[in-house]
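Chemist: Handing over start.pdb, PDB, C-alpha atoms and all ligand atoms.
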```pdb
MODEL        1
ATOM      1  CA  MET A   1       1.085  13.601  -2.264
ATOM      2  CA  ILE A   2      -0.160  11.503   0.680
ATOM      3  CA  LEU A   3      -1.336  13.110   3.937
ATOM      4  CA  VAL A   4      -1.550  11.166   7.215
ATOM      5  CA  THR A   5      -3.874  12.493   9.941
ATOM      6  CA  GLY A   6      -3.420  11.430  13.566
ATOM      7  CA  ALA A   7       0.314  11.357  12.871
ATOM      8  CA  THR A   8       1.131  12.230  16.495
ATOM      9  CA  GLY A   9      -0.970   9.304  17.745
ATOM     10  CA  ASN A  10      -0.170   5.643  18.284
ATOM     11  CA  LEU A  11      -1.339   4.257  14.949
ATOM     12  CA  GLY A  12      -0.394   7.306  12.883
ATOM     13  CA  SER A  13       3.172   7.398  14.200
ATOM     14  CA  ASN A  14       3.584   3.760  13.172
ATOM     15  CA  VAL A  15       2.280   4.622   9.696
ATOM     16  CA  ILE A  16       4.804   7.461   9.474
ATOM     17  CA  ASP A  17       7.690   5.268  10.656
ATOM     18  CA  GLN A  18       6.925   2.687   7.973
ATOM     19  CA  LEU A  19       6.591   5.376   5.274
ATOM     20  CA  LEU A  20      10.022   6.670   6.310
ATOM     21  CA  LYS A  21      11.390   3.138   5.892
ATOM     22  CA  VAL A  22       9.963   2.407   2.468
ATOM     23  CA  THR A  23       9.731   5.763   0.720
ATOM     24  CA  THR A  24      11.181   9.262   0.839
ATOM     25  CA  PRO A  25       9.798  12.178   2.921
ATOM     26  CA  ASP A  26       8.884  14.166  -0.210
ATOM     27  CA  LYS A  27       6.099  11.641  -0.910
ATOM     28  CA  PHE A  28       3.997  12.331   2.199
ATOM     29  CA  ILE A  29       3.077  14.906   4.830
ATOM     30  CA  ALA A  30       1.644  14.651   8.311
ATOM     31  CA  LEU A  31      -1.267  16.500   9.899
ATOM     32  CA  ALA A  32      -0.966  17.514  13.550
ATOM     33  CA  ARG A  33      -3.087  19.838  15.659
ATOM     34  CA  ASN A  34      -0.331  20.677  18.071
ATOM     35  CA  ASP A  35       2.938  22.187  16.916
ATOM     36  CA  ASP A  36       4.880  21.056  20.014
ATOM     37  CA  LYS A  37       3.704  17.470  19.600
ATOM     38  CA  ALA A  38       4.687  17.618  15.929
ATOM     39  CA  SER A  39       8.324  18.364  16.729
ATOM     40  CA  SER A  40       9.265  14.664  16.915
ATOM     41  CA  LEU A  41       7.902  14.243  13.371
ATOM     42  CA  LYS A  42       9.830  17.265  12.122
ATOM     43  CA  ASN A  43      12.978  15.895  13.742
ATOM     44  CA  LYS A  44      12.545  12.807  11.544
ATOM     45  CA  GLY A  45      12.427  15.003   8.428
ATOM     46  CA  VAL A  46       8.638  14.828   7.998
ATOM     47  CA  THR A  47       6.783  17.890   6.672
ATOM     48  CA  VAL A  48       3.997  18.783   9.087
ATOM     49  CA  ARG A  49       0.868  20.790   8.407
ATOM     50  CA  ILE A  50      -1.173  22.060  11.319
ATOM     51  CA  GLY A  51      -4.911  21.440  11.298
ATOM     52  CA  ASN A  52      -7.665  20.671  13.770
ATOM     53  CA  PHE A  53     -10.688  18.513  12.941
ATOM     54  CA  ASP A  54     -12.840  20.970  14.896
ATOM     55  CA  GLU A  55     -11.636  23.936  12.798
ATOM     56  CA  PRO A  56     -12.654  23.317   9.162
ATOM     57  CA  THR A  57     -10.757  26.258   7.659
ATOM     58  CA  SER A  58      -7.481  24.990   9.139
ATOM     59  CA  LEU A  59      -8.092  21.702   7.311
ATOM     60  CA  GLU A  60      -8.780  23.277   3.916
ATOM     61  CA  THR A  61      -5.406  25.000   4.068
ATOM     62  CA  ALA A  62      -3.622  21.904   5.331
ATOM     63  CA  PHE A  63      -5.010  19.681   2.547
ATOM     64  CA  VAL A  64      -3.864  21.799  -0.426
ATOM     65  CA  GLY A  65      -1.967  19.648  -2.952
ATOM     66  CA  VAL A  66      -2.959  16.354  -1.273
ATOM     67  CA  GLU A  67      -4.150  13.501  -3.520
ATOM     68  CA  LYS A  68      -4.589  10.645  -1.045
ATOM     69  CA  LEU A  69      -5.568  11.249   2.579
ATOM     70  CA  LEU A  70      -5.416   8.763   5.454
ATOM     71  CA  LEU A  71      -8.131   9.680   7.961
ATOM     72  CA  ILE A  72      -7.416   7.975  11.256
ATOM     73  CA  SER A  73     -10.589   8.053  13.347
ATOM     74  CA  THR A  74     -10.558   9.902  16.663
ATOM     75  CA  MET A  75     -12.148   8.819  19.941
ATOM     76  CA  GLU A  76     -13.831  12.166  20.606
ATOM     77  CA  GLN A  77     -17.560  12.211  21.422
ATOM     78  CA  ASN A  78     -18.162  14.433  18.347
ATOM     79  CA  ARG A  79     -16.021  12.348  16.026
ATOM     80  CA  TYR A  80     -18.655  11.932  13.323
ATOM     81  CA  GLN A  81     -18.787  15.720  12.976
ATOM     82  CA  GLN A  82     -14.960  15.823  13.011
ATOM     83  CA  HIS A  83     -14.767  13.194  10.275
ATOM     84  CA  GLN A  84     -17.367  15.068   8.207
ATOM     85  CA  ASN A  85     -15.248  18.218   8.568
ATOM     86  CA  VAL A  86     -12.241  16.320   7.216
ATOM     87  CA  VAL A  87     -14.185  14.950   4.245
ATOM     88  CA  ASP A  88     -15.710  18.349   3.412
ATOM     89  CA  ALA A  89     -12.315  20.067   3.578
ATOM     90  CA  ALA A  90     -10.750  17.293   1.484
ATOM     91  CA  LEU A  91     -13.390  17.831  -1.211
ATOM     92  CA  LYS A  92     -12.799  21.575  -1.222
ATOM     93  CA  ALA A  93      -9.032  21.090  -1.452
ATOM     94  CA  GLY A  94      -9.365  18.639  -4.368
ATOM     95  CA  VAL A  95      -8.267  15.475  -2.519
ATOM     96  CA  GLN A  96      -9.219  12.484  -4.678
ATOM     97  CA  HIS A  97      -8.963   9.483  -2.403
ATOM     98  CA  ILE A  98      -9.700   8.975   1.305
ATOM     99  CA  VAL A  99      -8.446   5.961   3.228
ATOM    100  CA  TYR A 100     -10.442   5.656   6.472
ATOM    101  CA  THR A 101      -9.692   3.501   9.513
ATOM    102  CA  GLY A 102     -12.904   2.052  10.930
ATOM    103  CA  LEU A 103     -13.892  -1.096  12.791
ATOM    104  CA  ALA A 104     -13.901  -4.806  11.887
ATOM    105  CA  ILE A 105     -17.100  -6.094  13.465
ATOM    106  CA  LYS A 106     -19.627  -8.634  12.186
ATOM    107  CA  ASP A 107     -22.876  -6.768  12.854
ATOM    108  CA  ILE A 108     -22.827  -3.210  14.157
ATOM    109  CA  GLN A 109     -26.627  -3.230  14.567
ATOM    110  CA  THR A 110     -26.441  -5.796  17.387
ATOM    111  CA  SER A 111     -23.250  -4.408  18.950
ATOM    112  CA  HIS A 112     -23.316  -3.410  22.628
ATOM    113  CA  VAL A 113     -21.257  -0.338  21.675
ATOM    114  CA  LYS A 114     -23.370   0.551  18.661
ATOM    115  CA  ASP A 115     -23.933   4.147  19.823
ATOM    116  CA  LEU A 116     -20.195   4.862  19.636
ATOM    117  CA  MET A 117     -19.035   2.538  16.871
ATOM    118  CA  MET A 118     -21.864   3.331  14.456
ATOM    119  CA  ASN A 119     -19.934   6.557  13.692
ATOM    120  CA  HIS A 120     -17.394   4.497  11.749
ATOM    121  CA  PHE A 121     -20.054   3.259   9.362
ATOM    122  CA  GLN A 122     -21.698   6.692   9.167
ATOM    123  CA  THR A 123     -18.316   8.132   8.198
ATOM    124  CA  GLU A 124     -17.878   5.463   5.509
ATOM    125  CA  ASN A 125     -21.324   6.271   4.114
ATOM    126  CA  TYR A 126     -20.580   9.997   4.171
ATOM    127  CA  ILE A 127     -17.372   9.495   2.163
ATOM    128  CA  LYS A 128     -19.254   7.347  -0.375
ATOM    129  CA  GLU A 129     -22.160   9.797  -0.636
ATOM    130  CA  LYS A 130     -19.725  12.585  -1.467
ATOM    131  CA  GLY A 131     -18.552  10.536  -4.453
ATOM    132  CA  MET A 132     -14.936  10.288  -3.322
ATOM    133  CA  THR A 133     -12.661   7.383  -4.104
ATOM    134  CA  TYR A 134     -12.368   5.436  -0.867
ATOM    135  CA  THR A 135     -10.584   2.604   0.849
ATOM    136  CA  PHE A 136     -12.100   1.488   4.140
ATOM    137  CA  LEU A 137      -9.758  -0.249   6.540
ATOM    138  CA  ARG A 138     -11.932  -1.928   9.129
ATOM    139  CA  ASN A 139      -9.396  -2.486  11.864
ATOM    140  CA  THR A 140      -9.624  -5.341  14.316
ATOM    141  CA  MET A 141      -8.935  -4.771  17.995
ATOM    142  CA  TYR A 142      -5.335  -3.774  18.652
ATOM    143  CA  ALA A 143      -3.432  -6.370  20.652
ATOM    144  CA  ASP A 144      -2.025  -3.305  22.432
ATOM    145  CA  ALA A 145      -5.530  -2.657  23.788
ATOM    146  CA  ILE A 146      -5.743  -6.034  25.575
ATOM    147  CA  PRO A 147      -4.107  -4.793  28.834
ATOM    148  CA  LEU A 148      -6.579  -1.884  28.939
ATOM    149  CA  ILE A 149      -9.319  -4.497  29.191
ATOM    150  CA  THR A 150      -7.671  -7.181  31.320
ATOM    151  CA  GLY A 151      -5.557  -4.883  33.521
ATOM    152  CA  LYS A 152      -1.771  -5.001  33.335
ATOM    153  CA  GLU A 153      -1.126  -7.227  36.339
ATOM    154  CA  VAL A 154      -2.453 -10.405  34.786
ATOM    155  CA  THR A 155       0.167 -12.656  36.333
ATOM    156  CA  LYS A 156      -0.923 -11.524  39.820
ATOM    157  CA  ARG A 157      -4.657 -11.205  39.261
ATOM    158  CA  GLY A 158      -5.527 -13.427  36.314
ATOM    159  CA  ILE A 159      -8.219 -12.355  33.889
ATOM    160  CA  PHE A 160     -11.728 -11.740  35.259
ATOM    161  CA  LEU A 161     -14.018 -10.790  32.383
ATOM    162  CA  PRO A 162     -17.404 -11.814  30.936
ATOM    163  CA  GLY A 163     -15.840 -12.689  27.576
ATOM    164  CA  GLY A 164     -16.974 -16.340  27.297
ATOM    165  CA  ASN A 165     -15.047 -18.182  24.610
ATOM    166  CA  GLY A 166     -15.301 -15.387  22.043
ATOM    167  CA  GLN A 167     -12.221 -14.875  19.908
ATOM    168  CA  VAL A 168     -10.528 -11.858  18.325
ATOM    169  CA  PRO A 169      -8.019 -11.765  15.423
ATOM    170  CA  TYR A 170      -5.726  -9.376  17.313
ATOM    171  CA  ALA A 171      -2.881  -7.588  15.559
ATOM    172  CA  LEU A 172      -0.259  -5.252  16.988
ATOM    173  CA  ARG A 173      -0.775  -1.576  16.259
ATOM    174  CA  ARG A 174       2.718  -1.392  14.749
ATOM    175  CA  GLU A 175       1.717  -4.138  12.298
ATOM    176  CA  MET A 176      -1.423  -2.230  11.350
ATOM    177  CA  GLY A 177       0.650   0.918  10.866
ATOM    178  CA  GLU A 178       3.064  -0.966   8.638
ATOM    179  CA  ALA A 179       0.255  -2.535   6.580
ATOM    180  CA  THR A 180      -1.535   0.807   6.244
ATOM    181  CA  ALA A 181       1.609   2.598   5.045
ATOM    182  CA  ASN A 182       2.257  -0.125   2.470
ATOM    183  CA  LEU A 183      -1.322   0.178   1.231
ATOM    184  CA  LEU A 184      -1.038   3.960   0.928
ATOM    185  CA  LEU A 185       1.867   3.534  -1.474
ATOM    186  CA  GLN A 186       0.074   1.027  -3.699
ATOM    187  CA  ASN A 187      -2.540   1.340  -6.425
ATOM    188  CA  GLY A 188      -5.410  -1.112  -6.769
ATOM    189  CA  HIS A 189      -7.133  -0.470  -3.434
ATOM    190  CA  GLU A 190      -9.582   2.067  -4.831
ATOM    191  CA  ASN A 191     -13.192   1.602  -3.638
ATOM    192  CA  LYS A 192     -12.321  -1.469  -1.578
ATOM    193  CA  ILE A 193     -13.408  -2.408   1.937
ATOM    194  CA  TYR A 194     -10.953  -4.533   3.915
ATOM    195  CA  ASP A 195     -11.101  -6.217   7.295
ATOM    196  CA  ILE A 196      -7.637  -5.566   8.700
ATOM    197  CA  THR A 197      -7.269  -8.579  10.964
ATOM    198  CA  GLY A 198      -4.512 -10.679  12.475
ATOM    199  CA  SER A 199      -3.624 -14.105  11.119
ATOM    200  CA  ASN A 200      -5.105 -16.015  14.073
ATOM    201  CA  LEU A 201      -8.068 -15.744  16.420
ATOM    202  CA  TYR A 202      -7.544 -15.826  20.191
ATOM    203  CA  SER A 203      -9.840 -16.103  23.232
ATOM    204  CA  TYR A 204      -9.108 -15.000  26.799
ATOM    205  CA  GLN A 205      -8.462 -18.665  27.615
ATOM    206  CA  ASP A 206      -5.804 -18.749  24.855
ATOM    207  CA  ILE A 207      -4.245 -15.626  26.368
ATOM    208  CA  VAL A 208      -3.989 -17.036  29.901
ATOM    209  CA  ASN A 209      -2.661 -20.363  28.566
ATOM    210  CA  GLU A 210       0.084 -18.529  26.691
ATOM    211  CA  LEU A 211       0.853 -16.265  29.664
ATOM    212  CA  THR A 212       1.175 -19.371  31.847
ATOM    213  CA  ASP A 213       3.597 -20.926  29.328
ATOM    214  CA  ILE A 214       5.692 -17.757  29.090
ATOM    215  CA  THR A 215       5.933 -16.951  32.795
ATOM    216  CA  GLY A 216       5.621 -20.357  34.452
ATOM    217  CA  ILE A 217       2.958 -18.766  36.689
ATOM    218  CA  LYS A 218      -0.528 -20.262  36.501
ATOM    219  CA  VAL A 219      -2.707 -17.432  35.190
ATOM    220  CA  PRO A 220      -6.443 -18.168  35.513
ATOM    221  CA  TYR A 221      -9.285 -16.881  33.344
ATOM    222  CA  ILE A 222     -12.566 -16.445  35.182
ATOM    223  CA  ASP A 223     -15.447 -16.107  32.751
ATOM    224  CA  ALA A 224     -17.359 -13.615  34.885
ATOM    225  CA  ASP A 225     -21.096 -13.061  34.997
ATOM    226  CA  ALA A 226     -21.739  -9.863  32.966
ATOM    227  CA  ALA A 227     -24.141  -8.237  35.466
ATOM    228  CA  SER A 228     -21.822  -8.894  38.450
ATOM    229  CA  PHE A 229     -18.831  -7.601  36.476
ATOM    230  CA  TYR A 230     -20.679  -4.390  35.604
ATOM    231  CA  HIS A 231     -21.829  -3.945  39.210
ATOM    232  CA  ILE A 232     -18.306  -4.443  40.629
ATOM    233  CA  LEU A 233     -16.810  -1.852  38.261
ATOM    234  CA  LYS A 234     -19.619   0.605  38.954
ATOM    235  CA  GLU A 235     -19.089   0.165  42.737
ATOM    236  CA  ASP A 236     -15.354   0.736  42.172
ATOM    237  CA  GLY A 237     -16.219   4.153  40.733
ATOM    238  CA  VAL A 238     -15.375   3.460  37.079
ATOM    239  CA  PRO A 239     -16.914   6.419  35.167
ATOM    240  CA  ASP A 240     -19.869   5.782  32.853
ATOM    241  CA  PHE A 241     -18.131   6.130  29.479
ATOM    242  CA  PRO A 242     -15.199   3.743  30.121
ATOM    243  CA  LEU A 243     -17.644   1.369  31.813
ATOM    244  CA  TYR A 244     -19.916   1.386  28.745
ATOM    245  CA  LEU A 245     -16.952   0.885  26.404
ATOM    246  CA  LEU A 246     -15.338  -1.883  28.440
ATOM    247  CA  SER A 247     -18.456  -3.894  29.268
ATOM    248  CA  GLY A 248     -19.894  -3.417  25.770
ATOM    249  CA  THR A 249     -16.689  -4.454  24.021
ATOM    250  CA  VAL A 250     -16.313  -7.577  26.144
ATOM    251  CA  ALA A 251     -19.975  -8.463  25.575
ATOM    252  CA  ASP A 252     -19.338  -8.161  21.826
ATOM    253  CA  ILE A 253     -16.314 -10.442  22.138
ATOM    254  CA  LYS A 254     -18.461 -13.010  23.966
ATOM    255  CA  ASN A 255     -21.057 -12.748  21.174
ATOM    256  CA  HIS A 256     -18.360 -13.573  18.575
ATOM    257  CA  GLN A 257     -18.717 -10.151  16.927
ATOM    258  CA  TYR A 258     -14.984  -9.857  16.206
ATOM    259  CA  GLU A 259     -14.504 -13.295  14.682
ATOM    260  CA  LEU A 260     -13.630 -12.138  11.190
ATOM    261  CA  GLU A 261     -10.929 -13.651   9.010
ATOM    262  CA  SER A 262      -9.205 -11.975   6.086
ATOM    263  CA  ASP A 263      -5.819 -12.375   4.432
ATOM    264  CA  ILE A 264      -5.395  -8.738   3.320
ATOM    265  CA  MET A 265      -3.199  -7.873   6.301
ATOM    266  CA  GLU A 266      -0.820 -10.745   5.461
ATOM    267  CA  THR A 267      -0.758  -9.606   1.830
ATOM    268  CA  LEU A 268       0.065  -6.037   2.832
ATOM    269  CA  LEU A 269       2.753  -7.130   5.290
ATOM    270  CA  GLY A 270       4.154  -9.940   3.144
ATOM    271  CA  ARG A 271       4.083 -12.224   6.208
ATOM    272  CA  SER A 272       1.788 -13.484   8.972
ATOM    273  CA  THR A 273       1.063 -11.238  11.932
ATOM    274  CA  ALA A 274       2.944 -11.822  15.196
ATOM    275  CA  PRO A 275       2.053 -15.004  17.103
ATOM    276  CA  LEU A 276       0.303 -14.652  20.465
ATOM    277  CA  SER A 277       3.479 -15.191  22.518
ATOM    278  CA  GLU A 278       5.225 -12.294  20.746
ATOM    279  CA  MET A 279       2.217 -10.020  21.176
ATOM    280  CA  LEU A 280       1.922 -10.773  24.886
ATOM    281  CA  LYS A 281       5.637 -10.207  25.541
ATOM    282  CA  GLU A 282       5.303  -6.858  23.812
ATOM    283  CA  ILE A 283       2.144  -5.611  25.533
ATOM    284  CA  TYR A 284       2.471  -6.834  29.140
ATOM    285  CA  PRO A 285       5.245  -6.003  31.615
ATOM    286  CA  LEU A 286       6.225  -9.655  32.073
ATOM    287  CA  HIS A 287       9.836  -9.228  33.219
TER     288      HIS A 287
HETATM  289  N1  LIG B   1      -8.906  -1.135  16.921
HETATM  290  C1  LIG B   1      -8.720  -0.875  18.202
HETATM  291  O1  LIG B   1      -8.464  -1.736  19.059
HETATM  292  C2  LIG B   1      -8.782   0.526  18.662
HETATM  293  C3  LIG B   1      -8.507   0.799  19.987
HETATM  294  C4  LIG B   1      -8.517   2.114  20.376
HETATM  295  C5  LIG B   1      -8.830   3.103  19.454
HETATM  296  N2  LIG B   1      -9.111   2.783  18.164
HETATM  297  C6  LIG B   1      -9.422   3.799  17.132
HETATM  298  O2  LIG B   1      -8.240   4.016  16.377
HETATM  299  C7  LIG B   1      -7.888   5.392  16.434
HETATM  300  C8  LIG B   1      -6.398   5.551  16.414
HETATM  301  O3  LIG B   1      -5.874   4.912  17.555
HETATM  302  P1  LIG B   1      -4.612   5.502  18.264
HETATM  303  O4  LIG B   1      -4.242   4.545  19.333
HETATM  304  O5  LIG B   1      -3.605   5.923  17.260
HETATM  305  O6  LIG B   1      -5.260   6.813  18.940
HETATM  306  P2  LIG B   1      -4.479   8.092  19.462
HETATM  307  O7  LIG B   1      -3.096   7.750  19.871
HETATM  308  O8  LIG B   1      -5.387   8.737  20.474
HETATM  309  O9  LIG B   1      -4.388   9.027  18.175
HETATM  310  C9  LIG B   1      -5.441   9.830  17.745
HETATM  311  C10 LIG B   1      -4.849  10.896  16.843
HETATM  312  O10 LIG B   1      -5.903  11.741  16.406
HETATM  313  C11 LIG B   1      -5.499  13.092  16.617
HETATM  314  N3  LIG B   1      -6.648  13.941  16.874
HETATM  315  C12 LIG B   1      -7.576  13.820  17.846
HETATM  316  N4  LIG B   1      -8.430  14.843  17.797
HETATM  317  C13 LIG B   1      -8.026  15.638  16.773
HETATM  318  C14 LIG B   1      -8.475  16.873  16.247
HETATM  319  N5  LIG B   1      -9.521  17.493  16.776
HETATM  320  N6  LIG B   1      -7.837  17.400  15.187
HETATM  321  C15 LIG B   1      -6.760  16.783  14.650
HETATM  322  N7  LIG B   1      -6.254  15.611  15.120
HETATM  323  C16 LIG B   1      -6.892  15.068  16.170
HETATM  324  C17 LIG B   1      -4.636  13.025  17.863
HETATM  325  O11 LIG B   1      -3.845  14.205  17.982
HETATM  326  P3  LIG B   1      -3.058  14.535  19.352
HETATM  327  O12 LIG B   1      -1.788  13.686  19.299
HETATM  328  O13 LIG B   1      -2.776  15.999  19.260
HETATM  329  O14 LIG B   1      -3.937  14.145  20.491
HETATM  330  C18 LIG B   1      -3.823  11.787  17.558
HETATM  331  O15 LIG B   1      -2.770  12.075  16.685
HETATM  332  C19 LIG B   1      -8.590   5.895  17.712
HETATM  333  O16 LIG B   1      -8.765   7.282  17.659
HETATM  334  C20 LIG B   1      -9.861   5.102  17.707
HETATM  335  O17 LIG B   1     -10.836   5.682  16.852
HETATM  336  C21 LIG B   1      -9.085   1.517  17.758
ENDMDL
END
```
Translate the structure described by the file into structure tokens.
Modeler:
Amino acid sequence: MILVTGATGNLGSNVIDQLLKVTTPDKFIALARNDDKASSLKNKGVTVRIGNFDEPTSLETAFVGVEKLLLISTMEQNRYQQHQNVVDAALKAGVQHIVYTGLAIKDIQTSHVKDLMMNHFQTENYIKEKGMTYTFLRNTMYADAIPLITGKEVTKRGIFLPGGNGQVPYALRREMGEATANLLLQNGHENKIYDITGSNLYSYQDIVNELTDITGIKVPYIDADAASFYHILKEDGVPDFPLYLLSGTVADIKNHQYELESDIMETLLGRSTAPLSEMLKEIYPLH
């Protein structure tokens, strides 16, 4: 039996939708912490178990009979503790294999968001130390996250970011969900570490060029000075945590931290990931 955590979230719901397409609902179950939120899953015929990463005993009960567990990372400040709780409960319940979604980055030690993203690698180490069979899916940046960084109104405002000419192998979250579900149903991924990346690398300049082609509106990219960018956002009242995450992530992009290439995503999907034009039409309100 497979169990999918985060099944009410963006990535997890895409995993569930693909599992429903390619297998039967008796082969997997979903974990949710909120019964109301789980109703859409139940309506699709999915068996839901209730468990909260902050309540270890709820997890031990929820994991009974599970062989393979997909742990989708959270964004909570205490997520390393939450992930440890999941691993500990999985061990107690006899789960054999954990698939964990982490981060595809070249060098976490020099990352500007090391304090937050280091948890992914700590979680991986914790799973290994406990002697469990693992598969680590180091996910690239979701294409869906681009508007959170650039703002949605790119055709009016352009892109103003200190991202230099750094590139990212973006993939849509629905593609990652599809690839992850396919992997969960296969053997042969035991004790493997994969960079889950899109087929092509794109810079902010590539994005504005494509947006200009799609809309016919000239969309500029201004490669901002990092200190001025930070100061403007701070003056605008952007709270500390989002400011740290945004400026740190863009600094990492500029430093080429995300420029990783791997063909595992294409293998899992059986095709290339969506081209930039398709991604942009899907993630921005361009009509
Ligand atoms: N690669 C990227 O570009 C990128 C970007 C953003 C985030 N991420 C990472 O990828 C993860 C998944 O992304 P997403 O967009 O699917 O996030 P999401 O929509 O926020 O989903 C997170 C899931 O985790 C569940 N969860 C949170 N706290 C929990 C708890 N205490 N106990 C049980 N379940 C809990 C949430 O449940 P509820 O539905 O009840 O809230 C939700 O189902 C994020 O959490 C983050 O670590 C990656």
Chemist: Apply the PyMOL selection byres (((chain A and resi 250) around 12) and not hetatm) to the displayed file and report the matching residues as a ChimeraX atom specification.
Modeler: /A:111-113,141,146,148-150,160-168,203-204,223-226,229-230,243-249,251-258
Chemist: Taking the file as I've supplied it (selection: the PyMOL selection byres (((chain A and resi 214) around 12) and not hetatm)), which residues are included? Please answer as a PyMOL selection string.
Modeler: chain A and resi 155+207-213+215-219+276-281+284+286-287
Chemist: Output the neighbourhood of ligand LIG 1 (chain B) as an MDAnalysis selection string, that is, all protein and nucleic acid residues with some atom at most 6 Å from the ligand, counting all atoms listed in the file.
Modeler: chainID A and resid 6:12 32:34 52:54 72:75 139:142 145
Chemist: Range 95-106 of chain A: which residues within 9 Å, counting only C-alpha atoms, same-chain residues fewer than 3 positions away excluded, as a PyMOL selection string?
Modeler: chain A and resi 63-73+87+89-92+111+117+119-121+123-124+127+132-141+184+190+194-197+252+256-260
Chemist: Counting all atoms listed in the file, figure out which residue out of A:Gln109, A:Leu185, A:Arg157, A:Tyr80 gets nearest to Lys27 in chain A.
Modeler: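 For Lys27 in chain A, the nearest of the candidates is A:Leu185.
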Chemist: Just the residues within 12 Å of Asp36 in chain A, please, counting all atoms listed in the file, with nothing from its chain fewer than 5 positions along; format it as a list in words.
Modeler: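 What passes the distance filter is Thr8, Leu41, Lys42, Asn43, Val48 and Ile50 of chain A.
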Chemist: Give me a file of those residues, with C-alpha atoms, as a tab-separated table (two decimals), in the frame of the given file.
Modeler:
```
chain	number	residue	atom	x	y	z
A	8	THR	CA	1.13	12.23	16.50
A	41	LEU	CA	7.90	14.24	13.37
A	42	LYS	CA	9.83	17.26	12.12
A	43	ASN	CA	12.98	15.90	13.74
A	48	VAL	CA	4.00	18.78	9.09
A	50	ILE	CA	-1.17	22.06	11.32
```
Chemist: One decimal, in Å: what's the spacing between CA of Pro147 in chain A and CA of Ile283 in chain A?
Modeler: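 If I compute the distance from CA of Pro147 in chain A to CA of Ile283 in chain A, I get 7.1 Å.
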Chemist: Looking at A:Ser13, A:Asn125, A:Ser58, A:Gln77, which one is nearest to Ala93 in chain A, with distances taken over only C-alpha atoms?
Modeler: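 For Ala93 in chain A, the nearest of the given residues is A:Ser58.
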Chemist: To one decimal in Å, tell me the separation between CA of Asn191 in chain A and CA of Asn85 in chain A.
Modeler: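 Result for CA of Asn191 in chain A versus CA of Asn85 in chain A: 20.7 Å, one decimal.
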Chemist: Could you pull the residues within 7 Å of Val15 in chain A, counting all atoms listed in the file, minus those fewer than 3 positions along the same chain, as a list in words?
Modeler: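 Here the answer would be Leu11, Gly12, Gln18, Leu19, Gly177, Glu178, Thr180 and Ala181 of chain A.
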Chemist: For CA of Glu175 in chain A and CA of Gly51 in chain A, quote the distance in Å rounded to one decimal.
Modeler: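 Spanning CA of Glu175 in chain A to CA of Gly51 in chain A is a straight-line distance of 26.4 Å.
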Chemist: So which one's closest to Ala179 in chain A, A:Thr273, A:Thr57, A:Ser39, A:Asn78? Using all atoms listed in the file, please.
Modeler: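 Ranking A:Thr273, A:Thr57, A:Ser39, A:Asn78 by distance to Ala179 in chain A, first place goes to A:Thr273.
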